[in-house]
file structure.cif (mmCIF, C-alpha atoms)
data_data
loop_
_atom_site.group_PDB
_atom_site.id
_atom_site.type_symbol
_atom_site.label_atom_id
_atom_site.label_comp_id
_atom_site.auth_asym_id
_atom_site.auth_seq_id
_atom_site.Cartn_x
_atom_site.Cartn_y
_atom_site.Cartn_z
ATOM 1 C CA MET A 1 8.073 -120.847 44.319
ATOM 2 C CA ALA A 2 10.708 -123.522 44.834
ATOM 3 C CA ASN A 3 10.658 -122.988 48.603
ATOM 4 C CA TRP A 4 6.872 -123.265 48.590
ATOM 5 C CA ILE A 5 7.020 -126.558 46.699
ATOM 6 C CA LEU A 6 9.878 -128.041 48.724
ATOM 7 C CA GLU A 7 9.075 -126.718 52.191
ATOM 8 C CA GLY A 8 5.293 -126.248 51.964
ATOM 9 C CA ASP A 9 5.677 -122.576 52.865
ATOM 10 C CA PRO A 10 6.478 -119.702 50.486
ATOM 11 C CA GLY A 11 8.752 -118.035 53.039
ATOM 12 C CA MET A 12 7.048 -114.662 52.675
ATOM 13 C CA ASP A 13 3.634 -113.047 52.951
ATOM 14 C CA LEU A 14 1.910 -113.437 49.571
ATOM 15 C CA TRP A 15 -1.177 -111.326 50.324
ATOM 16 C CA ALA A 16 0.067 -108.630 47.920
ATOM 17 C CA PHE A 17 -0.167 -111.201 45.105
ATOM 18 C CA ASP A 18 -3.548 -112.645 46.105
ATOM 19 C CA LEU A 19 -6.313 -111.611 43.699
ATOM 20 C CA ARG A 20 -8.947 -112.135 46.398
ATOM 21 C CA ARG A 21 -7.868 -108.855 48.004
ATOM 22 C CA PHE A 22 -9.633 -106.975 45.182
ATOM 23 C CA GLY A 23 -13.044 -108.486 45.895
ATOM 24 C CA ALA A 24 -15.313 -110.944 44.111
ATOM 25 C CA PRO A 25 -15.922 -108.966 40.879
ATOM 26 C CA HIS A 26 -12.194 -108.969 40.110
ATOM 27 C CA THR A 27 -11.615 -112.681 40.579
ATOM 28 C CA GLY A 28 -13.955 -114.024 37.902
ATOM 29 C CA LEU A 29 -12.323 -115.974 35.090
ATOM 30 C CA ALA A 30 -13.753 -113.745 32.337
ATOM 31 C CA TYR A 31 -12.547 -110.584 34.100
ATOM 32 C CA LEU A 32 -9.069 -112.005 34.636
ATOM 33 C CA ARG A 33 -8.802 -113.206 31.036
ATOM 34 C CA ASP A 34 -9.942 -109.937 29.478
ATOM 35 C CA SER A 35 -7.859 -107.823 31.830
ATOM 36 C CA ALA A 36 -4.722 -109.895 31.254
ATOM 37 C CA ILE A 37 -5.120 -109.758 27.471
ATOM 38 C CA GLU A 38 -5.474 -105.987 27.523
ATOM 39 C CA ALA A 39 -2.547 -105.531 29.942
ATOM 40 C CA TYR A 40 -0.317 -107.715 27.771
ATOM 41 C CA SER A 41 -1.318 -105.913 24.576
ATOM 42 C CA LYS A 42 -0.501 -102.493 26.106
ATOM 43 C CA TYR A 43 2.673 -103.483 27.935
ATOM 44 C CA TYR A 44 4.984 -101.529 25.603
ATOM 45 C CA ALA A 45 2.461 -98.876 24.583
ATOM 46 C CA VAL A 46 2.938 -95.249 25.533
ATOM 47 C CA ALA A 47 0.791 -94.333 28.547
ATOM 48 C CA TRP A 48 -1.036 -91.077 27.919
ATOM 49 C CA PRO A 49 -2.540 -88.872 30.639
ATOM 50 C CA GLU A 50 -6.187 -89.616 31.340
ATOM 51 C CA GLU A 51 -6.072 -92.775 29.217
ATOM 52 C CA GLU A 52 -8.271 -95.459 30.719
ATOM 53 C CA ARG A 53 -8.290 -99.181 30.149
ATOM 54 C CA SER A 54 -11.351 -100.396 28.291
ATOM 55 C CA ALA A 55 -11.464 -104.107 29.150
ATOM 56 C CA CYS A 56 -13.962 -105.268 31.759
ATOM 57 C CA ARG A 57 -15.960 -102.055 31.706
ATOM 58 C CA PRO A 58 -18.423 -101.130 32.966
ATOM 59 C CA LEU A 59 -18.165 -103.459 35.934
ATOM 60 C CA ARG A 60 -19.861 -101.395 38.641
ATOM 61 C CA ARG A 61 -22.040 -98.322 38.149
ATOM 62 C CA SER A 62 -23.893 -96.075 40.546
ATOM 63 C CA PRO A 63 -27.562 -95.212 39.988
ATOM 64 C CA LEU A 64 -26.376 -91.786 38.733
ATOM 65 C CA HIS A 65 -24.277 -93.266 35.930
ATOM 66 C CA PRO A 66 -26.961 -93.074 33.196
ATOM 67 C CA VAL A 67 -28.017 -89.574 34.246
ATOM 68 C CA LEU A 68 -24.473 -88.248 34.183
ATOM 69 C CA GLY A 69 -23.765 -90.067 30.908
ATOM 70 C CA ARG A 70 -26.684 -88.304 29.233
ATOM 71 C CA ARG A 71 -25.193 -85.012 30.387
ATOM 72 C CA GLY A 72 -21.842 -85.764 28.781
ATOM 73 C CA ALA A 73 -19.845 -87.029 31.751
ATOM 74 C CA VAL A 74 -16.613 -88.854 31.001
ATOM 75 C CA ASN A 75 -15.842 -91.722 33.344
ATOM 76 C CA GLY A 76 -12.720 -93.435 34.514
ATOM 77 C CA VAL A 77 -12.540 -96.588 36.575
ATOM 78 C CA LYS A 78 -11.421 -97.071 40.170
ATOM 79 C CA PHE A 79 -11.717 -100.474 41.893
ATOM 80 C CA GLY A 80 -14.242 -101.499 39.263
ATOM 81 C CA TRP A 81 -16.482 -98.465 39.810
ATOM 82 C CA GLU A 82 -17.151 -96.058 36.984
ATOM 83 C CA ARG A 83 -16.298 -92.647 38.363
ATOM 84 C CA LEU A 84 -15.944 -89.073 37.137
#

call {"tool": "encode", "arguments": {"input": "structure.cif", "output": "structure tokens"}}
result
Amino acid sequence: MANWILEGDPGMDLWAFDLRRFGAPHTGLAYLRDSAIEAYSKYYAVAWPEEERSACRPLRRSPLHPVLGRRGAVNGVKFGWERL
């Protein structure tokens, strides 16, 4: 950060830290706020298998989502999409 301020260049490729790489749905202020609050609250929590985060869901759903939900499907999330 200091190099960026002093030299005008961070000295490294920062694309890995750029939220825009996730797409428009993930860069909204409400999404970022809710996601950050949940991540902070679970930082020291035990991670259990098949445990999914609940903030910012459902963000994206396919047309089959309601049909599968009525049939008892359990969804996880991947890149904002509800998936089986």

call {"tool": "residues_near_point", "arguments": {"input": "structure.cif", "point": "(-2.6, -98.1, 26.0)", "cutoff": "6 Å", "atoms": "only C-alpha atoms", "output": "list in words"}}
result
Lys42, Ala45 and Ala47 of chain A

call {"tool": "residues_around", "arguments": {"input": "structure.cif", "residues": "Leu29 in chain A", "least_positions_apart": "6", "cutoff": "12 Å", "atoms": "only C-alpha atoms", "output": "ChimeraX atom specification"}}
result
/A:19,35-36,56

call {"tool": "residues_around", "arguments": {"input": "structure.cif", "residues": "Gly80 in chain A", "least_positions_apart": "6", "cutoff": "12 Å", "atoms": "all atoms listed in the file", "output": "VMD selection string"}}
result
chain A and resid 22 to 27 31 35 53 to 62

call {"tool": "atom_distance", "arguments": {"input": "structure.cif", "atom1": "CA of Asp18 in chain A", "atom2": "CA of Glu82 in chain A"}}
result
23.3 Å

call {"tool": "atom_distance", "arguments": {"input": "structure.cif", "atom1": "CA of Met1 in chain A", "atom2": "CA of Asp13 in chain A"}}
result
12.5 Å

call {"tool": "axis_aligned_box", "arguments": {"input": "structure.cif", "around": "range 53-68 of chain A", "padding_each_side": "4 Å", "output": "AutoDock Vina command-line options"}}
result
--center_x -18.2 --center_y -96.8 --center_z 34.4 --size_x 27.7 --size_y 25.0 --size_z 20.3

call {"tool": "atom_distance", "arguments": {"input": "structure.cif", "atom1": "CA of Gly72 in chain A", "atom2": "CA of Glu50 in chain A"}}
result
16.3 Å
